[in-house]
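Raw start08.pdb, PDB, C-alpha atoms:
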```pdb
MODEL        1
ATOM      1  CA  MET K 231       0.643   8.795  -9.119  1.00  0.00           C
ATOM      2  CA  ARG K 232       3.387  11.411  -8.856  1.00  0.00           C
ATOM      3  CA  VAL K 233       5.033  13.797  -6.388  1.00  0.00           C
ATOM      4  CA  THR K 234       3.170  17.089  -6.749  1.00  0.00           C
ATOM      5  CA  GLY K 235       5.750  19.633  -5.580  1.00  0.00           C
ATOM      6  CA  GLY K 236       9.182  20.411  -4.229  1.00  0.00           C
ATOM      7  CA  GLU K 237      12.546  18.988  -5.293  1.00  0.00           C
ATOM      8  CA  LEU K 238      11.009  15.679  -6.446  1.00  0.00           C
ATOM      9  CA  GLY K 239       7.976  17.270  -8.126  1.00  0.00           C
ATOM     10  CA  GLY K 240       6.771  15.307 -11.124  1.00  0.00           C
ATOM     11  CA  ARG K 241       8.560  12.062 -10.196  1.00  0.00           C
ATOM     12  CA  ARG K 242       6.412   8.932 -10.517  1.00  0.00           C
ATOM     13  CA  LEU K 243       5.573   6.773  -7.499  1.00  0.00           C
ATOM     14  CA  ALA K 244       5.114   3.004  -7.474  1.00  0.00           C
ATOM     15  CA  ALA K 245       1.919   1.479  -6.100  1.00  0.00           C
ATOM     16  CA  PRO K 246       0.700  -2.094  -5.754  1.00  0.00           C
ATOM     17  CA  PRO K 247      -2.098  -3.025  -8.174  1.00  0.00           C
ATOM     18  CA  VAL K 248      -4.652  -3.520  -5.351  1.00  0.00           C
ATOM     19  CA  GLY K 249      -5.051  -3.112  -1.621  1.00  0.00           C
ATOM     20  CA  VAL K 250      -4.208   0.580  -1.103  1.00  0.00           C
ATOM     21  CA  ARG K 251      -6.062   3.845  -1.557  1.00  0.00           C
ATOM     22  CA  PRO K 252      -3.355   6.429  -2.227  1.00  0.00           C
ATOM     23  CA  THR K 253      -4.155  10.057  -1.551  1.00  0.00           C
ATOM     24  CA  SER K 254      -4.942  11.671  -4.892  1.00  0.00           C
ATOM     25  CA  ASP K 255      -2.468  14.098  -6.434  1.00  0.00           C
ATOM     26  CA  ARG K 256      -5.014  16.921  -6.143  1.00  0.00           C
ATOM     27  CA  VAL K 257      -5.638  16.316  -2.433  1.00  0.00           C
ATOM     28  CA  ARG K 258      -1.892  16.012  -1.664  1.00  0.00           C
ATOM     29  CA  GLU K 259      -1.110  19.213  -3.528  1.00  0.00           C
ATOM     30  CA  SER K 260      -3.900  21.074  -1.704  1.00  0.00           C
ATOM     31  CA  LEU K 261      -2.899  19.591   1.656  1.00  0.00           C
ATOM     32  CA  PHE K 262       0.709  20.715   1.403  1.00  0.00           C
ATOM     33  CA  ALA K 263      -0.280  24.167   0.150  1.00  0.00           C
ATOM     34  CA  TRP K 264      -2.510  24.390   3.248  1.00  0.00           C
ATOM     35  CA  LEU K 265       0.235  23.156   5.584  1.00  0.00           C
ATOM     36  CA  GLY K 266       2.745  25.666   4.255  1.00  0.00           C
ATOM     37  CA  ASP K 267       6.425  25.353   5.089  1.00  0.00           C
ATOM     38  CA  VAL K 268       7.461  21.892   6.292  1.00  0.00           C
ATOM     39  CA  ALA K 269      11.202  22.513   5.911  1.00  0.00           C
ATOM     40  CA  GLY K 270      13.196  20.797   8.642  1.00  0.00           C
ATOM     41  CA  ALA K 271      10.192  18.912  10.046  1.00  0.00           C
ATOM     42  CA  ARG K 272      10.406  15.471  11.618  1.00  0.00           C
ATOM     43  CA  VAL K 273       7.457  13.581  10.156  1.00  0.00           C
ATOM     44  CA  LEU K 274       5.592  10.441  11.146  1.00  0.00           C
ATOM     45  CA  ASP K 275       3.589   8.889   8.265  1.00  0.00           C
ATOM     46  CA  LEU K 276       1.138   6.420   9.826  1.00  0.00           C
ATOM     47  CA  TYR K 277      -0.767   3.852   7.769  1.00  0.00           C
ATOM     48  CA  ALA K 278       1.773   4.964   5.183  1.00  0.00           C
ATOM     49  CA  GLY K 279       0.778   2.681   2.340  1.00  0.00           C
ATOM     50  CA  THR K 280       3.221   3.427  -0.474  1.00  0.00           C
ATOM     51  CA  GLY K 281       4.547   6.507   1.332  1.00  0.00           C
ATOM     52  CA  THR K 282       3.011   9.190  -0.866  1.00  0.00           C
ATOM     53  CA  LEU K 283       2.302  11.640   1.976  1.00  0.00           C
ATOM     54  CA  GLY K 284       5.700  11.265   3.642  1.00  0.00           C
ATOM     55  CA  ILE K 285       7.511  11.449   0.308  1.00  0.00           C
ATOM     56  CA  GLU K 286       5.617  14.625  -0.511  1.00  0.00           C
ATOM     57  CA  ALA K 287       6.790  16.087   2.826  1.00  0.00           C
ATOM     58  CA  LEU K 288      10.409  15.125   2.056  1.00  0.00           C
ATOM     59  CA  SER K 289      10.170  16.655  -1.392  1.00  0.00           C
ATOM     60  CA  ARG K 290       9.053  19.896   0.239  1.00  0.00           C
ATOM     61  CA  GLY K 291      11.932  20.036   2.713  1.00  0.00           C
ATOM     62  CA  ALA K 292      11.071  17.791   5.676  1.00  0.00           C
ATOM     63  CA  GLU K 293      14.223  16.585   7.427  1.00  0.00           C
ATOM     64  CA  GLN K 294      13.200  13.022   8.277  1.00  0.00           C
ATOM     65  CA  VAL K 295      10.201  10.726   7.786  1.00  0.00           C
ATOM     66  CA  ARG K 296       9.349   7.549   9.648  1.00  0.00           C
ATOM     67  CA  PHE K 297       6.819   5.372   7.806  1.00  0.00           C
ATOM     68  CA  VAL K 298       4.650   2.844   9.660  1.00  0.00           C
ATOM     69  CA  GLU K 299       2.808   0.239   7.577  1.00  0.00           C
ATOM     70  CA  LYS K 300       1.873  -3.434   7.895  1.00  0.00           C
ATOM     71  CA  SER K 301       0.766  -4.467   4.383  1.00  0.00           C
ATOM     72  CA  SER K 302       3.469  -6.443   2.576  1.00  0.00           C
ATOM     73  CA  ALA K 303       2.325  -5.225  -0.844  1.00  0.00           C
ATOM     74  CA  ALA K 304       2.324  -1.585   0.260  1.00  0.00           C
ATOM     75  CA  LEU K 305       5.717  -1.993   1.954  1.00  0.00           C
ATOM     76  CA  ALA K 306       7.237  -3.403  -1.243  1.00  0.00           C
ATOM     77  CA  ALA K 307       6.032  -0.335  -3.178  1.00  0.00           C
ATOM     78  CA  LEU K 308       7.229   1.967  -0.383  1.00  0.00           C
ATOM     79  CA  GLU K 309      10.702   0.422  -0.469  1.00  0.00           C
ATOM     80  CA  ARG K 310      10.788   0.791  -4.256  1.00  0.00           C
ATOM     81  CA  ASN K 311       9.816   4.468  -3.950  1.00  0.00           C
ATOM     82  CA  ARG K 312      12.489   5.097  -1.294  1.00  0.00           C
ATOM     83  CA  ARG K 313      15.196   3.506  -3.462  1.00  0.00           C
ATOM     84  CA  GLN K 314      14.163   5.079  -6.779  1.00  0.00           C
ATOM     85  CA  LEU K 315      13.936   8.551  -5.250  1.00  0.00           C
ATOM     86  CA  GLY K 316      17.136   8.258  -3.192  1.00  0.00           C
ATOM     87  CA  LEU K 317      15.371   8.786   0.142  1.00  0.00           C
ATOM     88  CA  ALA K 318      16.772   5.938   2.242  1.00  0.00           C
ATOM     89  CA  ALA K 319      19.065   8.208   4.293  1.00  0.00           C
ATOM     90  CA  ARG K 320      16.179  10.520   5.270  1.00  0.00           C
ATOM     91  CA  THR K 321      13.640   7.805   6.052  1.00  0.00           C
ATOM     92  CA  ASP K 322      13.074   4.713   8.077  1.00  0.00           C
ATOM     93  CA  VAL K 323      10.293   2.152   7.947  1.00  0.00           C
ATOM     94  CA  TRP K 324       8.601   0.339  10.786  1.00  0.00           C
ATOM     95  CA  ARG K 325       6.756  -2.728   9.589  1.00  0.00           C
ATOM     96  CA  GLY K 326       3.722  -3.610  11.670  1.00  0.00           C
ATOM     97  CA  ASP K 327       0.630  -2.354  13.400  1.00  0.00           C
ATOM     98  CA  VAL K 328       0.486   1.412  13.972  1.00  0.00           C
ATOM     99  CA  LEU K 329      -0.971   1.235  17.486  1.00  0.00           C
ATOM    100  CA  LYS K 330       1.671  -1.267  18.590  1.00  0.00           C
ATOM    101  CA  ALA K 331       4.405   0.933  17.115  1.00  0.00           C
ATOM    102  CA  LEU K 332       3.106   3.990  18.978  1.00  0.00           C
ATOM    103  CA  ARG K 333       2.958   2.220  22.345  1.00  0.00           C
ATOM    104  CA  ARG K 334       6.661   2.577  22.864  1.00  0.00           C
ATOM    105  CA  ALA K 335       7.722   6.005  24.009  1.00  0.00           C
ATOM    106  CA  PRO K 336       9.833   7.833  21.442  1.00  0.00           C
ATOM    107  CA  ALA K 337      13.554   8.169  22.047  1.00  0.00           C
ATOM    108  CA  GLU K 338      15.195  11.584  22.375  1.00  0.00           C
ATOM    109  CA  GLY K 339      14.827  13.405  19.057  1.00  0.00           C
ATOM    110  CA  GLU K 340      12.056  11.144  17.717  1.00  0.00           C
ATOM    111  CA  ARG K 341       9.132  13.372  18.655  1.00  0.00           C
ATOM    112  CA  CYS K 342       7.373  14.791  15.627  1.00  0.00           C
ATOM    113  CA  ASP K 343       6.535  18.155  14.154  1.00  0.00           C
ATOM    114  CA  LEU K 344       4.084  16.695  11.647  1.00  0.00           C
ATOM    115  CA  VAL K 345       2.042  13.489  11.727  1.00  0.00           C
ATOM    116  CA  LEU K 346       0.295  12.322   8.570  1.00  0.00           C
ATOM    117  CA  LEU K 347      -2.439   9.831   9.355  1.00  0.00           C
ATOM    118  CA  ASP K 348      -4.317   8.036   6.561  1.00  0.00           C
ATOM    119  CA  PRO K 349      -6.013   4.997   8.129  1.00  0.00           C
ATOM    120  CA  PRO K 350      -8.489   2.760   6.314  1.00  0.00           C
ATOM    121  CA  TYR K 351     -11.632   4.893   6.192  1.00  0.00           C
ATOM    122  CA  ALA K 352     -14.132   2.389   7.576  1.00  0.00           C
ATOM    123  CA  ALA K 353     -11.773   0.994  10.243  1.00  0.00           C
ATOM    124  CA  GLU K 354     -12.299   4.000  12.531  1.00  0.00           C
ATOM    125  CA  ALA K 355      -8.709   3.697  13.724  1.00  0.00           C
ATOM    126  CA  ALA K 356      -8.157   7.458  13.878  1.00  0.00           C
ATOM    127  CA  PRO K 357      -9.398   8.118  17.457  1.00  0.00           C
ATOM    128  CA  ALA K 358      -7.248   5.372  18.999  1.00  0.00           C
ATOM    129  CA  THR K 359      -4.252   6.489  16.954  1.00  0.00           C
ATOM    130  CA  LEU K 360      -4.681  10.131  17.976  1.00  0.00           C
ATOM    131  CA  ALA K 361      -4.984   9.077  21.626  1.00  0.00           C
ATOM    132  CA  ALA K 362      -1.799   6.965  21.354  1.00  0.00           C
ATOM    133  CA  LEU K 363       0.144   9.893  19.859  1.00  0.00           C
ATOM    134  CA  VAL K 364      -0.767  11.980  22.917  1.00  0.00           C
ATOM    135  CA  ALA K 365      -0.468   9.268  25.564  1.00  0.00           C
ATOM    136  CA  HIS K 366       2.993   8.168  24.463  1.00  0.00           C
ATOM    137  CA  ARG K 367       4.251  11.724  23.880  1.00  0.00           C
ATOM    138  CA  TRP K 368       5.054  11.528  20.168  1.00  0.00           C
ATOM    139  CA  LEU K 369       4.242  15.194  19.498  1.00  0.00           C
ATOM    140  CA  ARG K 370       6.295  18.319  19.919  1.00  0.00           C
ATOM    141  CA  PRO K 371       4.361  21.246  21.470  1.00  0.00           C
ATOM    142  CA  PHE K 372       3.507  22.950  18.189  1.00  0.00           C
ATOM    143  CA  ALA K 373       3.068  19.822  16.107  1.00  0.00           C
ATOM    144  CA  THR K 374       0.444  19.407  13.432  1.00  0.00           C
ATOM    145  CA  VAL K 375      -1.510  16.180  13.071  1.00  0.00           C
ATOM    146  CA  VAL K 376      -3.314  15.671   9.776  1.00  0.00           C
ATOM    147  CA  VAL K 377      -5.958  12.971   9.373  1.00  0.00           C
ATOM    148  CA  GLU K 378      -7.341  11.981   5.987  1.00  0.00           C
ATOM    149  CA  GLY K 379     -10.707  10.275   5.983  1.00  0.00           C
ATOM    150  CA  SER K 380     -14.152  10.064   4.532  1.00  0.00           C
ATOM    151  CA  LYS K 381     -16.908  12.568   5.150  1.00  0.00           C
ATOM    152  CA  ARG K 382     -19.009   9.523   6.156  1.00  0.00           C
ATOM    153  CA  HIS K 383     -16.618   8.764   9.043  1.00  0.00           C
ATOM    154  CA  PRO K 384     -15.897  12.092  10.785  1.00  0.00           C
ATOM    155  CA  VAL K 385     -12.884  12.322  13.073  1.00  0.00           C
ATOM    156  CA  HIS K 386     -13.173  14.253  16.322  1.00  0.00           C
ATOM    157  CA  ALA K 387     -10.582  15.604  18.740  1.00  0.00           C
ATOM    158  CA  VAL K 388      -9.328  13.480  21.625  1.00  0.00           C
ATOM    159  CA  ALA K 389      -7.975  14.595  25.003  1.00  0.00           C
ATOM    160  CA  GLY K 390      -4.758  16.528  24.441  1.00  0.00           C
ATOM    161  CA  LEU K 391      -5.552  17.484  20.835  1.00  0.00           C
ATOM    162  CA  GLU K 392      -7.852  20.145  19.466  1.00  0.00           C
ATOM    163  CA  LEU K 393      -9.339  20.413  16.004  1.00  0.00           C
ATOM    164  CA  ALA K 394      -7.639  23.359  14.321  1.00  0.00           C
ATOM    165  CA  ALA K 395      -9.349  23.169  10.918  1.00  0.00           C
ATOM    166  CA  GLU K 396     -10.919  20.871   8.368  1.00  0.00           C
ATOM    167  CA  ARG K 397     -11.258  20.821   4.609  1.00  0.00           C
ATOM    168  CA  ARG K 398     -13.332  18.803   2.181  1.00  0.00           C
ATOM    169  CA  TYR K 399     -12.260  17.539  -1.245  1.00  0.00           C
ATOM    170  CA  GLY K 400     -15.248  15.673  -2.694  1.00  0.00           C
ATOM    171  CA  ASP K 401     -15.767  12.650  -0.416  1.00  0.00           C
ATOM    172  CA  THR K 402     -12.337  13.097   1.186  1.00  0.00           C
ATOM    173  CA  MET K 403     -11.959  15.087   4.389  1.00  0.00           C
ATOM    174  CA  ILE K 404      -8.764  16.421   5.906  1.00  0.00           C
ATOM    175  CA  TRP K 405      -8.772  17.265   9.614  1.00  0.00           C
ATOM    176  CA  ARG K 406      -5.938  19.254  11.133  1.00  0.00           C
ATOM    177  CA  PHE K 407      -5.276  18.850  14.854  1.00  0.00           C
ATOM    178  CA  ALA K 408      -2.886  20.594  17.221  1.00  0.00           C
ATOM    179  CA  PRO K 409      -1.708  19.698  20.724  1.00  0.00           C
ATOM    180  CA  VAL K 410      -3.456  21.477  23.550  1.00  0.00           C
ATOM    181  CA  ASN K 411      -0.539  23.429  25.017  1.00  0.00           C
ATOM    182  CA  ASP K 412      -2.006  24.257  28.383  1.00  0.00           C
ATOM    183  CA  GLY K 413       1.016  23.432  30.522  1.00  0.00           C
ATOM    184  CA  SER K 414      -0.154  19.877  31.197  1.00  0.00           C
ATOM    185  CA  SER K 415       3.067  18.502  29.636  1.00  0.00           C
ATOM    186  CA  LEU K 416       1.307  16.171  27.226  1.00  0.00           C
ATOM    187  CA  CYS K 417       4.063  16.933  24.767  1.00  0.00           C
ATOM    188  CA  GLU K 418       7.789  17.460  24.967  1.00  0.00           C
ATOM    189  CA  LYS K 419       8.724  20.989  25.999  1.00  0.00           C
ATOM    190  CA  GLY K 420      10.892  22.792  23.448  1.00  0.00           C
TER     191      GLY K 420
ENDMDL
END
```

Exercise: express the given structure as structure tokens:
Amino acid sequence: MRVTGGELGGRRLAAPPVGVRPTSDRVRESLFAWLGDVAGARVLDLYAGTGTLGIEALSRGAEQVRFVEKSSAALAALERNRRQLGLAARTDVWRGDVLKALRRAPAEGERCDLVLLDPPYAAEAAPATLAALVAHRWLRPFATVVVEGSKRHPVHAVAGLELAAERRYGDTMIWRFAPVNDGSSLCEKG
């Protein structure tokens, strides 16, 4: 596993021997080409595993990434990746359950431009996580929410988010959502 582009392109990433399903290099490279410019973005990497998606965003210019993960093995690899790549100052890690972490309203400046969501495929955690992002106002008005999943477990929009696009890479699906900016103040203004 390696960083596919940006300032850290080509650098190797640590992963635990079992228990995680990192996003493949090919899918990450395609995803970030599809997303385009992420320079200056505040990113939330949920179900972060070893941090490959958030690290890819940092490598491509994101300002800050917050990782949320509960697996001890994945967290150990994530911490190793942060240290080896010199990313500690631009990242923070919340250990624990994603839905519990999202229940608290974000402080000023914590709302996100980009959310990377890679839950366990069969757990069907995506709808509840998307709803929590909206309900607790984690998204800026023009944020992008990306969900990685399996074609066998499709992810649909929830109130406050609309499906902007989707792409398929073999059995892997990527869904791209955007806040519904209809004046209902679901997201921070400005």

Which residues, written as a CSV table (one decimal) with C-alpha atoms, in the frame of the given file, have at least one atom at most 9 Å from Ala269 (chain K), with only C-alpha atoms counted and residues fewer than 5 positions away on the same chain left out?
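Wrote selection.csv, looks like this:
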```
chain,number,residue,atom,x,y,z
K,287,ALA,CA,6.8,16.1,2.8
K,288,LEU,CA,10.4,15.1,2.1
K,290,ARG,CA,9.1,19.9,0.2
K,291,GLY,CA,11.9,20.0,2.7
K,292,ALA,CA,11.1,17.8,5.7
K,293,GLU,CA,14.2,16.6,7.4
```

- Choose the residue, out of K:Glu286, K:Asp401, K:Asp322, K:Asp327, that has the smallest atom-to-atom separation from Leu261 (chain K); count only C-alpha atoms.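 That would be K:Glu286, the residue with the smallest distance to Leu261 (chain K).
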
- How many Å separate CA of Gly279 (chain K) from CA of Ala304 (chain K)?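 Separating CA of Gly279 (chain K) from CA of Ala304 (chain K) is a distance of 5.0 Å.
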
- Starting from the shown file, work through the PyMOL selection byres ((chain K and resi 383-396) around 10) and note down what comes out as a count of residues only. 41

- If you apply the PyMOL selection byres ((chain K and resi 334) around 10) to this file, what residues do you get, as a ChimeraX atom specification? /K:329-333,335-337,362,366-368

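As for CA of Asp348 (chain K) and CA of Thr234 (chain K), they are spaced 17.8 Å apart.
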
- Item | Counting only C-alpha atoms, the residue of K:Leu238, K:Ala245, K:Met231, K:Val323 that sits nearest Arg310 (chain K) |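 Between K:Leu238, K:Ala245, K:Met231, K:Val323, the residue approaching Arg310 (chain K) most closely is K:Ala245.
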
- Message: Rounded to one decimal, what separation in Å do you get between CA of Pro350 (chain K) and CA of Ile285 (chain K)?
- Response: 19.2 Å

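The nearest approach to Arg258 (chain K) among the residues K:Leu243, K:Ala303, K:Leu283, K:Leu276, with all atoms listed in the file taken into account, belongs to K:Leu283.
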
- Using the chain letters and numbering of this document, enumerate as a ChimeraX atom specification the residues selected by the PyMOL selection byres ((chain K and resi 305) around 12). /K:244-246,249-250,277-282,297-304,306-312,322-326

How big is the axis-aligned box around all listed atoms of region 308-322 of chain K once 6 Å goes on each side, and where's its centre, in Å to one decimal, as lines of an AutoDock Vina configuration file?
```
center_x = 13.1
center_y = 5.5
center_z = 0.6
size_x = 23.8
size_y = 22.1
size_z = 26.9
```

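Using only C-alpha atoms for every distance, the candidate list K:Ala373, K:Val273, K:Asp255, K:Gly339 yields K:Asp255 as the residue closest to Arg242 (chain K).
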
- Query: Using only C-alpha atoms, which of the listed residues (K:Gly270, K:Arg370, K:Val295, K:Phe262) sits closest to Ala319 (chain K)?
  - Reply: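 Looking only at the distances to Ala319 (chain K), the closest residue turns out to be K:Val295.
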
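Nearest to Leu265 (chain K) of all the residues K:Phe372, K:Ala318, K:Leu344, K:Tyr399 is K:Leu344, counting all atoms listed in the file.
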